[in-house]
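> Next comes my_file_16.csv, CSV, C-alpha atoms:
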```csv
chain,number,residue,atom,x,y,z
A,247,ALA,CA,-34.6,64.8,115.6
A,248,PRO,CA,-36.0,67.1,113.0
A,249,VAL,CA,-37.5,70.4,114.2
A,250,LYS,CA,-41.0,70.2,112.5
A,251,ALA,CA,-42.4,73.6,113.3
A,252,CYS,CA,-41.5,77.1,114.7
A,253,ALA,CA,-43.2,80.4,115.2
A,254,ALA,CA,-42.3,83.9,116.4
A,255,SER,CA,-44.3,86.0,118.7
A,256,PRO,CA,-45.9,89.1,117.2
A,257,THR,CA,-43.4,91.3,119.1
A,258,GLY,CA,-40.5,89.1,118.0
A,259,THR,CA,-39.2,88.7,121.6
A,260,LYS,CA,-39.9,85.0,121.8
A,261,ILE,CA,-39.7,82.0,119.5
A,262,VAL,CA,-41.4,78.6,120.0
A,263,SER,CA,-40.2,75.4,118.2
A,264,GLY,CA,-41.6,71.9,118.1
A,265,SER,CA,-39.6,68.8,117.3
A,266,TRP,CA,-40.0,65.1,116.6
A,267,ASP,CA,-38.1,64.5,119.8
A,268,ARG,CA,-41.4,65.3,121.5
A,269,THR,CA,-40.3,68.6,123.0
A,270,VAL,CA,-41.5,72.2,122.7
A,271,ARG,CA,-38.9,74.9,123.4
A,272,ILE,CA,-39.4,78.6,124.0
A,273,TRP,CA,-36.4,80.8,123.0
A,274,ASP,CA,-35.5,84.3,123.8
A,275,GLY,CA,-35.5,86.2,120.5
A,276,SER,CA,-32.7,88.5,121.5
A,277,THR,CA,-30.3,86.2,123.2
A,278,THR,CA,-31.3,82.9,121.6
A,279,ASN,CA,-31.3,81.3,125.1
A,280,CYS,CA,-33.7,78.5,125.7
A,281,LEU,CA,-36.2,79.7,128.4
A,282,TRP,CA,-38.4,76.7,128.7
A,283,THR,CA,-38.7,73.1,127.6
A,284,LEU,CA,-41.8,71.0,127.7
A,285,GLN,CA,-41.8,67.2,127.1
A,286,HIS,CA,-44.8,65.9,125.1
A,287,ASP,CA,-46.1,62.3,124.8
A,288,ALA,CA,-46.0,62.3,121.0
A,289,LEU,CA,-44.3,63.9,118.0
A,290,VAL,CA,-44.9,67.7,117.8
A,291,LEU,CA,-46.2,68.6,114.4
A,292,GLY,CA,-47.3,72.3,114.7
A,293,VAL,CA,-47.0,75.4,116.9
A,294,SER,CA,-48.4,78.9,116.9
A,295,PHE,CA,-48.5,82.1,119.0
A,296,SER,CA,-51.5,84.2,119.9
A,297,GLU,CA,-51.6,87.8,118.8
A,298,GLU,CA,-50.9,89.1,122.3
A,299,SER,CA,-48.1,86.5,122.8
A,300,SER,CA,-49.6,85.1,126.0
A,301,LEU,CA,-50.8,81.8,124.6
A,302,ILE,CA,-49.1,79.1,122.4
A,303,THR,CA,-50.8,76.2,120.7
A,304,VAL,CA,-49.1,72.8,120.3
A,305,CYS,CA,-50.5,70.1,118.0
A,306,CYS,CA,-49.2,66.6,118.1
A,307,ASP,CA,-49.2,63.2,116.5
A,308,ASP,CA,-51.4,61.7,119.3
A,309,LYS,CA,-54.6,63.6,118.1
A,310,ILE,CA,-54.2,66.1,120.9
A,311,THR,CA,-53.9,69.9,120.8
A,312,LYS,CA,-52.7,71.8,123.9
A,313,ILE,CA,-52.9,75.5,124.7
A,314,TRP,CA,-50.3,76.8,127.1
A,315,ASP,CA,-50.3,80.1,129.1
A,316,MET,CA,-46.9,81.7,128.5
A,317,ARG,CA,-47.1,83.7,131.7
A,318,THR,CA,-47.4,80.7,134.0
A,319,TYR,CA,-46.4,77.8,131.6
A,320,ASP,CA,-49.6,76.0,132.5
A,321,ASN,CA,-51.6,73.8,130.2
A,322,VAL,CA,-54.9,75.7,130.2
A,323,ILE,CA,-56.8,73.9,127.5
A,324,THR,CA,-56.6,70.4,125.9
A,325,LEU,CA,-58.5,69.6,122.7
A,326,ASP,CA,-59.1,66.1,121.5
A,327,GLY,CA,-61.7,66.4,118.8
A,328,HIS,CA,-59.7,65.1,115.9
A,329,SER,CA,-59.7,61.3,115.1
A,330,ASN,CA,-56.1,61.3,113.8
A,331,SER,CA,-52.8,63.2,114.1
A,332,VAL,CA,-53.2,67.0,114.3
A,333,THR,CA,-50.8,68.4,111.6
A,334,CYS,CA,-51.2,72.2,111.8
A,335,CYS,CA,-52.7,75.1,113.7
A,336,ALA,CA,-53.4,78.8,113.4
A,337,GLN,CA,-54.8,81.4,115.7
A,338,ASN,CA,-56.7,84.7,115.4
A,339,GLY,CA,-57.9,86.4,118.5
A,340,PHE,CA,-59.4,83.6,120.6
A,341,THR,CA,-60.2,81.5,117.6
A,342,LEU,CA,-58.0,78.4,117.0
A,343,ALA,CA,-58.0,76.4,113.7
A,344,THR,CA,-56.5,73.0,113.5
A,345,GLY,CA,-56.0,70.6,110.6
A,346,SER,CA,-55.6,66.9,110.8
A,347,LEU,CA,-54.8,63.7,108.9
A,348,ASP,CA,-58.5,62.9,109.4
A,349,LYS,CA,-59.2,65.4,106.5
A,350,THR,CA,-61.1,67.9,108.7
A,351,ILE,CA,-60.5,71.4,110.0
A,352,ARG,CA,-61.8,72.3,113.4
A,353,LEU,CA,-62.3,75.8,114.8
A,354,SER,CA,-62.4,76.1,118.6
A,355,ASP,CA,-62.7,78.8,121.3
A,356,MET,CA,-59.3,79.1,123.0
A,357,ARG,CA,-60.9,80.5,126.2
A,358,THR,CA,-63.2,77.6,126.8
A,359,GLY,CA,-62.1,74.8,124.4
A,360,ASN,CA,-65.6,74.7,123.0
A,361,PRO,CA,-65.9,73.6,119.3
A,362,LEU,CA,-67.1,76.4,117.0
A,363,LEU,CA,-67.0,74.9,113.5
A,364,LEU,CA,-66.2,71.6,111.7
A,365,LEU,CA,-65.1,72.0,108.1
A,366,THR,CA,-65.1,69.0,105.8
A,367,GLY,CA,-64.4,68.6,102.1
A,368,HIS,CA,-60.7,67.8,101.6
A,369,THR,CA,-60.2,64.3,100.3
A,370,SER,CA,-56.8,63.8,102.0
A,371,ALA,CA,-54.9,65.0,105.0
A,372,VAL,CA,-55.1,68.7,105.8
A,373,SER,CA,-51.5,70.0,106.0
A,374,ALA,CA,-51.8,73.8,106.4
A,375,VAL,CA,-54.3,76.3,107.8
A,376,ASP,CA,-54.4,80.0,108.2
A,377,ILE,CA,-57.0,82.6,109.4
A,378,SER,CA,-57.3,86.0,107.7
A,379,SER,CA,-56.4,88.9,109.9
A,380,ASP,CA,-60.0,90.1,110.0
A,381,GLY,CA,-61.2,86.6,111.0
A,382,PHE,CA,-63.6,86.4,108.1
A,383,LYS,CA,-61.9,83.7,106.0
A,384,LEU,CA,-59.8,80.6,106.5
A,385,CYS,CA,-57.5,79.0,103.9
A,386,SER,CA,-56.4,75.4,104.0
A,387,GLY,CA,-53.9,73.3,102.1
A,388,SER,CA,-54.0,69.5,101.7
A,389,TRP,CA,-52.4,66.4,100.4
A,390,ASP,CA,-55.2,66.3,97.9
A,391,LYS,CA,-53.2,69.0,96.0
A,392,THR,CA,-55.8,71.8,96.6
A,393,VAL,CA,-55.9,75.1,98.4
A,394,ARG,CA,-59.4,76.0,99.7
A,395,VAL,CA,-60.8,79.3,100.9
A,396,TRP,CA,-63.7,79.1,103.5
A,397,ASP,CA,-65.9,82.1,104.3
A,398,VAL,CA,-66.3,81.3,108.0
A,399,HIS,CA,-67.9,84.6,108.8
A,400,ALA,CA,-70.9,84.6,106.4
A,401,GLY,CA,-71.0,80.8,106.3
A,402,THR,CA,-71.4,80.6,102.5
A,403,TYR,CA,-69.4,77.4,102.4
A,404,ARG,CA,-72.5,75.6,103.9
A,405,THR,CA,-74.5,76.2,100.7
A,406,GLN,CA,-71.9,77.0,98.1
A,407,GLY,CA,-68.9,75.1,99.4
A,408,PRO,CA,-65.4,76.6,99.8
A,409,ARG,CA,-63.5,78.1,96.8
A,410,VAL,CA,-61.2,75.4,95.6
A,411,MET,CA,-57.9,76.2,93.7
A,412,TYR,CA,-56.4,73.2,91.9
A,413,GLU,CA,-53.1,74.5,90.3
A,414,HIS,CA,-50.7,72.5,92.5
A,415,GLU,CA,-49.4,69.2,91.0
A,416,GLY,CA,-48.3,67.8,94.4
A,417,CYS,CA,-49.3,67.8,98.0
A,418,VAL,CA,-49.7,71.3,99.4
A,419,SER,CA,-47.4,71.9,102.4
A,420,SER,CA,-48.1,75.5,103.3
A,421,CYS,CA,-50.6,78.3,102.7
A,422,LYS,CA,-50.9,81.8,104.2
A,423,PHE,CA,-52.9,85.0,103.8
A,424,ALA,CA,-50.8,88.1,102.9
A,425,VAL,CA,-51.0,91.8,102.0
A,426,GLU,CA,-54.1,92.6,104.1
A,427,ASN,CA,-55.8,89.3,103.1
A,428,LYS,CA,-55.7,90.3,99.4
A,429,LYS,CA,-53.3,87.5,98.5
A,430,ILE,CA,-52.6,83.9,99.4
A,431,VAL,CA,-49.2,82.2,99.1
A,432,SER,CA,-48.9,78.5,98.9
A,433,ALA,CA,-46.2,75.9,98.3
A,434,GLY,CA,-46.0,72.2,97.9
A,435,PHE,CA,-44.2,69.0,97.1
A,436,ASP,CA,-44.3,70.0,93.4
A,437,LYS,CA,-41.4,72.4,94.1
A,438,THR,CA,-43.5,75.4,93.3
A,439,VAL,CA,-44.7,78.6,95.1
A,440,ILE,CA,-48.0,80.0,93.9
A,441,ILE,CA,-49.3,83.5,94.6
A,442,TRP,CA,-53.1,83.7,94.4
A,443,ASP,CA,-55.6,86.6,94.3
A,444,ALA,CA,-57.5,85.8,97.5
A,445,LEU,CA,-60.6,87.7,96.3
A,446,ALA,CA,-60.9,86.1,92.9
A,447,THR,CA,-59.3,82.8,94.1
A,448,GLN,CA,-57.2,82.8,90.9
A,449,LYS,CA,-53.5,82.1,90.3
A,450,ARG,CA,-51.5,85.2,89.7
A,451,HIS,CA,-47.9,83.9,89.6
A,452,GLN,CA,-46.0,80.6,89.9
A,453,ILE,CA,-42.4,80.3,90.9
A,454,ARG,CA,-40.5,77.0,90.3
A,455,ALA,CA,-36.9,77.1,91.3
A,456,HIS,CA,-36.3,74.8,94.3
A,457,GLY,CA,-34.6,71.5,93.7
A,458,SER,CA,-36.9,69.6,96.0
A,459,TRP,CA,-40.3,69.9,97.8
A,460,ILE,CA,-41.0,73.2,99.6
A,461,ASN,CA,-41.7,72.9,103.3
A,462,ASP,CA,-43.0,76.4,104.1
A,463,VAL,CA,-43.5,79.8,102.5
A,464,ALA,CA,-44.4,83.3,103.8
A,465,MET,CA,-44.8,86.8,102.3
A,466,GLY,CA,-44.0,90.1,103.9
A,467,GLU,CA,-46.8,92.5,104.9
A,468,ASP,CA,-46.0,94.9,102.1
A,469,GLY,CA,-46.2,92.1,99.5
A,470,LYS,CA,-42.7,92.9,98.2
A,471,TRP,CA,-40.7,90.0,99.6
A,472,LEU,CA,-41.5,86.2,99.7
A,473,LEU,CA,-39.5,83.6,101.7
A,474,SER,CA,-39.5,79.9,100.9
A,475,CYS,CA,-37.6,77.0,102.5
A,476,SER,CA,-37.1,73.5,101.0
A,477,LYS,CA,-35.8,70.0,101.5
A,478,ASP,CA,-33.1,71.0,99.0
A,479,ARG,CA,-31.5,72.7,102.1
A,480,THR,CA,-32.0,76.2,100.9
A,481,ILE,CA,-33.9,79.2,102.1
A,482,ARG,CA,-34.7,81.6,99.2
A,483,MET,CA,-35.9,85.2,99.3
A,484,TRP,CA,-37.8,86.6,96.3
A,485,ASN,CA,-38.6,90.2,95.4
A,486,VAL,CA,-42.1,89.6,94.0
A,487,GLU,CA,-43.2,93.3,93.8
A,488,ASP,CA,-42.8,93.1,90.0
A,489,ALA,CA,-43.2,89.3,89.6
A,490,ASP,CA,-44.0,89.5,85.9
A,491,LYS,CA,-40.4,90.6,85.3
A,492,MET,CA,-38.8,87.6,87.1
A,493,PRO,CA,-37.0,85.4,84.6
A,494,VAL,CA,-38.1,82.3,86.5
A,495,VAL,CA,-41.8,83.4,86.1
A,496,LEU,CA,-41.3,83.9,82.4
A,497,HIS,CA,-39.6,80.6,82.0
A,498,ASN,CA,-42.5,78.9,83.9
A,499,LYS,CA,-45.0,80.4,81.5
A,500,LEU,CA,-43.2,78.9,78.6
A,501,SER,CA,-42.9,75.5,80.3
A,502,MET,CA,-46.6,75.5,81.0
A,503,GLY,CA,-47.3,75.6,77.3
A,504,TYR,CA,-48.1,79.3,76.8
A,505,LYS,CA,-47.5,80.4,73.2
A,506,PHE,CA,-45.9,83.7,72.5
A,507,GLN,CA,-46.1,85.4,69.0
A,508,GLU,CA,-44.6,88.5,67.5
A,509,CYS,CA,-47.1,91.1,66.4
A,510,VAL,CA,-46.8,91.8,62.7
A,511,GLU,CA,-47.7,95.4,63.2
A,512,CYS,CA,-45.8,96.7,66.2
A,513,GLN,CA,-43.3,93.8,66.5
A,514,ARG,CA,-44.1,93.3,70.2
A,515,THR,CA,-44.4,89.8,71.6
A,516,PHE,CA,-47.8,88.8,73.0
A,517,LYS,CA,-49.3,85.7,74.5
A,518,VAL,CA,-51.9,83.8,72.4
A,519,GLU,CA,-54.7,82.7,74.7
A,520,LYS,CA,-56.7,79.5,74.0
A,521,ARG,CA,-60.0,81.5,74.1
A,522,ASP,CA,-58.6,83.6,71.3
A,523,LEU,CA,-58.2,80.6,69.1
A,524,ILE,CA,-61.7,79.3,70.0
A,525,GLU,CA,-63.4,82.7,69.4
A,526,VAL,CA,-61.7,83.5,66.1
A,527,GLY,CA,-60.9,80.1,64.8
A,528,GLU,CA,-57.4,81.0,63.8
A,529,GLU,CA,-54.3,82.4,65.5
A,530,TYR,CA,-54.0,86.2,65.8
A,531,THR,CA,-51.1,87.8,64.0
A,532,ARG,CA,-51.6,91.2,65.9
A,533,CYS,CA,-51.5,91.9,69.6
A,534,VAL,CA,-54.5,93.1,71.5
A,535,TYR,CA,-53.5,96.8,71.2
A,536,CYS,CA,-53.1,96.6,67.5
A,537,ARG,CA,-56.5,94.8,67.2
A,538,MET,CA,-58.3,97.7,68.9
A,539,PRO,CA,-60.5,99.8,66.5
A,540,THR,CA,-58.6,102.9,67.4
A,541,ARG,CA,-55.0,102.8,68.6
A,542,SER,CA,-55.5,106.1,70.5
A,543,TYR,CA,-57.6,104.3,73.1
A,544,HIS,CA,-54.5,102.8,74.6
A,545,ARG,CA,-50.9,103.8,74.5
A,546,LEU,CA,-48.2,101.4,75.7
A,547,SER,CA,-46.3,102.9,78.7
A,548,GLU,CA,-42.6,102.5,79.0
A,549,GLN,CA,-43.1,99.9,81.7
A,550,ASP,CA,-45.4,97.9,79.3
A,551,LEU,CA,-42.7,98.0,76.6
A,552,ALA,CA,-40.0,97.0,79.0
A,553,ILE,CA,-42.0,93.9,80.2
A,554,ASP,CA,-42.8,93.0,76.5
A,555,ASP,CA,-39.1,93.2,75.6
A,556,GLU,CA,-38.2,90.9,78.5
A,557,ILE,CA,-40.9,88.4,77.4
A,558,SER,CA,-39.7,88.6,73.9
A,559,ASP,CA,-36.1,87.9,74.8
A,560,VAL,CA,-37.1,84.9,76.8
A,561,ALA,CA,-39.5,83.6,74.2
A,562,LYS,CA,-36.8,83.8,71.5
A,563,SER,CA,-34.1,82.2,73.6
A,564,ASP,CA,-33.4,78.5,74.2
A,565,VAL,CA,-34.2,78.3,77.9
A,566,PRO,CA,-34.6,75.2,80.1
A,567,LEU,CA,-38.1,74.4,81.4
A,568,GLU,CA,-36.8,74.4,84.9
A,569,THR,CA,-34.5,77.2,86.2
A,570,THR,CA,-32.5,77.1,89.4
A,571,VAL,CA,-32.0,80.5,90.9
A,572,SER,CA,-29.3,80.9,93.5
A,573,ALA,CA,-30.6,81.9,96.9
```
What is this file in structure tokens?

Amino acid sequence: APVKACAASPTGTKIVSGSWDRTVRIWDGSTTNCLWTLQHDALVLGVSFSEESSLITVCCDDKITKIWDMRTYDNVITLDGHSNSVTCCAQNGFTLATGSLDKTIRLSDMRTGNPLLLLTGHTSAVSAVDISSDGFKLCSGSWDKTVRVWDVHAGTYRTQGPRVMYEHEGCVSSCKFAVENKKIVSAGFDKTVIIWDALATQKRHQIRAHGSWINDVAMGEDGKWLLSCSKDRTIRMWNVEDADKMPVVLHNKLSMGYKFQECVECQRTFKVEKRDLIEVGEEYTRCVYCRMPTRSYHRLSEQDLAIDDEISDVAKSDVPLETTVSA
């Protein structure tokens, strides 16, 4: 049966996996030996480790979420607040977040099992949740094709609602905070990975290179590397430190309808924004630097020129709308 979920302890010494064969297994991270197997009554859909590696959470197809003590292998808490299958879970300290096919997200106290918050707003199943490292915010992904950011510390979602990001064209399968909560990475059935600015809740980069839907995505703590796995049977690692230089990002910009034009003054290629056309009423023939009243206000650095050259080369070449990059 397929292994639906896995997670590593913060120390990396243990790994927990959950499968559609209704089992949860704990593995030794060094020897890969199976240390413990638990039989559940339903399909296992999600697992997570606590920060101190002493508790694991298992969410299942029978609407039940169980918290296990790794030191004694006892089931210490059982949660049954959801009205449909529990699809995903995430922990921060003693706060547990669970998402469900019932379109809701529930926050619970892992010590007592008491409910803390109920978040509603998604119009379809919640497929992914994550809590920021400071515990102030929660991000969620859904089959409604949105990623939402909830301020669970200040509670502004009660009056203003969550921040909603709509860029995915298919169901969202994964979303996670990254780089000290400054970024969010998400992936979905539209075969794309999107890197968001978590503070501005705006899309920064989009990567489309997998041949089928993406199951999960994660970014390293330094923000340099991104890992994605897909139904196309590949795991791909991306260096996204200079994402603007990635050919697949440039190709995606062209496929999304962005128009590039060569500046008549400096011969550099620049992107024509829709707002430029609205404000001026005609297409610009000069880039933003050449349109400035005094060119001395800004001088192009060597890095700027290098990026412009790469965009120019892609814009002038006959490239496919979708590019497959080998893992």
> Using all atoms listed in the file, find the one residue out of A:Glu297, A:Asn321, A:Ile351, A:Arg409 that sits nearest to Ala446 of chain A.
A:Arg409
> As an exercise, work out the distance from atom CA of Asp315 of chain A to atom CA of Ser378 of chain A in Å and give it to one decimal place.
23.3 Å
> Around the point (-44.6, 83.7, 118.7) (coordinates from the file), which residues reach within 12 Å if we count all atoms listed in the file? Answer as a short mmCIF file (atom, residue, chain, number, x, y, z; two decimals) with C-alpha atoms, in the coordinates of the input.

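result-v5.cif, written as the output of this step:
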```
data_model
loop_
_atom_site.label_atom_id
_atom_site.label_comp_id
_atom_site.auth_asym_id
_atom_site.auth_seq_id
_atom_site.Cartn_x
_atom_site.Cartn_y
_atom_site.Cartn_z
CA ALA A 251 -42.40 73.60 113.30
CA CYS A 252 -41.50 77.10 114.70
CA ALA A 253 -43.20 80.40 115.20
CA ALA A 254 -42.30 83.90 116.40
CA SER A 255 -44.30 86.00 118.70
CA PRO A 256 -45.90 89.10 117.20
CA THR A 257 -43.40 91.30 119.10
CA GLY A 258 -40.50 89.10 118.00
CA THR A 259 -39.20 88.70 121.60
CA LYS A 260 -39.90 85.00 121.80
CA ILE A 261 -39.70 82.00 119.50
CA VAL A 262 -41.40 78.60 120.00
CA SER A 263 -40.20 75.40 118.20
CA ARG A 271 -38.90 74.90 123.40
CA ILE A 272 -39.40 78.60 124.00
CA TRP A 273 -36.40 80.80 123.00
CA ASP A 274 -35.50 84.30 123.80
CA GLY A 275 -35.50 86.20 120.50
CA VAL A 293 -47.00 75.40 116.90
CA SER A 294 -48.40 78.90 116.90
CA PHE A 295 -48.50 82.10 119.00
CA SER A 296 -51.50 84.20 119.90
CA GLU A 297 -51.60 87.80 118.80
CA GLU A 298 -50.90 89.10 122.30
CA SER A 299 -48.10 86.50 122.80
CA SER A 300 -49.60 85.10 126.00
CA LEU A 301 -50.80 81.80 124.60
CA ILE A 302 -49.10 79.10 122.40
CA THR A 303 -50.80 76.20 120.70
CA VAL A 304 -49.10 72.80 120.30
CA MET A 316 -46.90 81.70 128.50
CA ALA A 336 -53.40 78.80 113.40
CA GLN A 337 -54.80 81.40 115.70
#
```
> Mind pulling up the distance from atom CA of Phe340 of chain A to atom CA of Arg357 of chain A?
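Going from atom CA of Arg357 of chain A over to atom CA of Phe340 of chain A covers 6.6 Å.
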> Residues near Asp462 of chain A, anyone? I mean within 10 Å using all atoms listed in the file, not counting same-chain ones fewer than 2 positions away, as a ChimeraX atom specification.
/A:251,374,418-422,431-434,439,459-460,464,473-477,481
> Rounded to one decimal in Å, what is the spacing between atom CA of Leu291 of chain A and atom CA of Leu347 of chain A?
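That distance, rounded to one decimal, is 11.3 Å.
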> Residues near Cys385 of chain A, anyone? I mean within 7 Å using only C-alpha atoms, not counting same-chain ones fewer than 3 positions away, as a list in words.
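The contact residues come out as Val375, Asp376, Ile377, Val393, Arg394, Val395 and Trp396 of chain A.
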> Looking at only C-alpha atoms, which of A:Val322, A:Ile430, A:Cys512, A:Leu384 is the one that sits closest to Arg352 of chain A?
A:Leu384
> Would you mind listing what lies within 9 Å of His368 of chain A as a list in words, with all atoms listed in the file counted and same-chain residues fewer than 5 positions away left out?
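Using all atoms listed in the file, the neighbours found are Lys349, Thr350, Gly387, Ser388, Trp389, Asp390, Thr392 and Arg394 of chain A.
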> Looking at A:Thr324, A:Asn338, A:Ser379, A:Ser386, which one is nearest to Thr366 of chain A, with distances taken over all atoms listed in the file?
A:Ser386
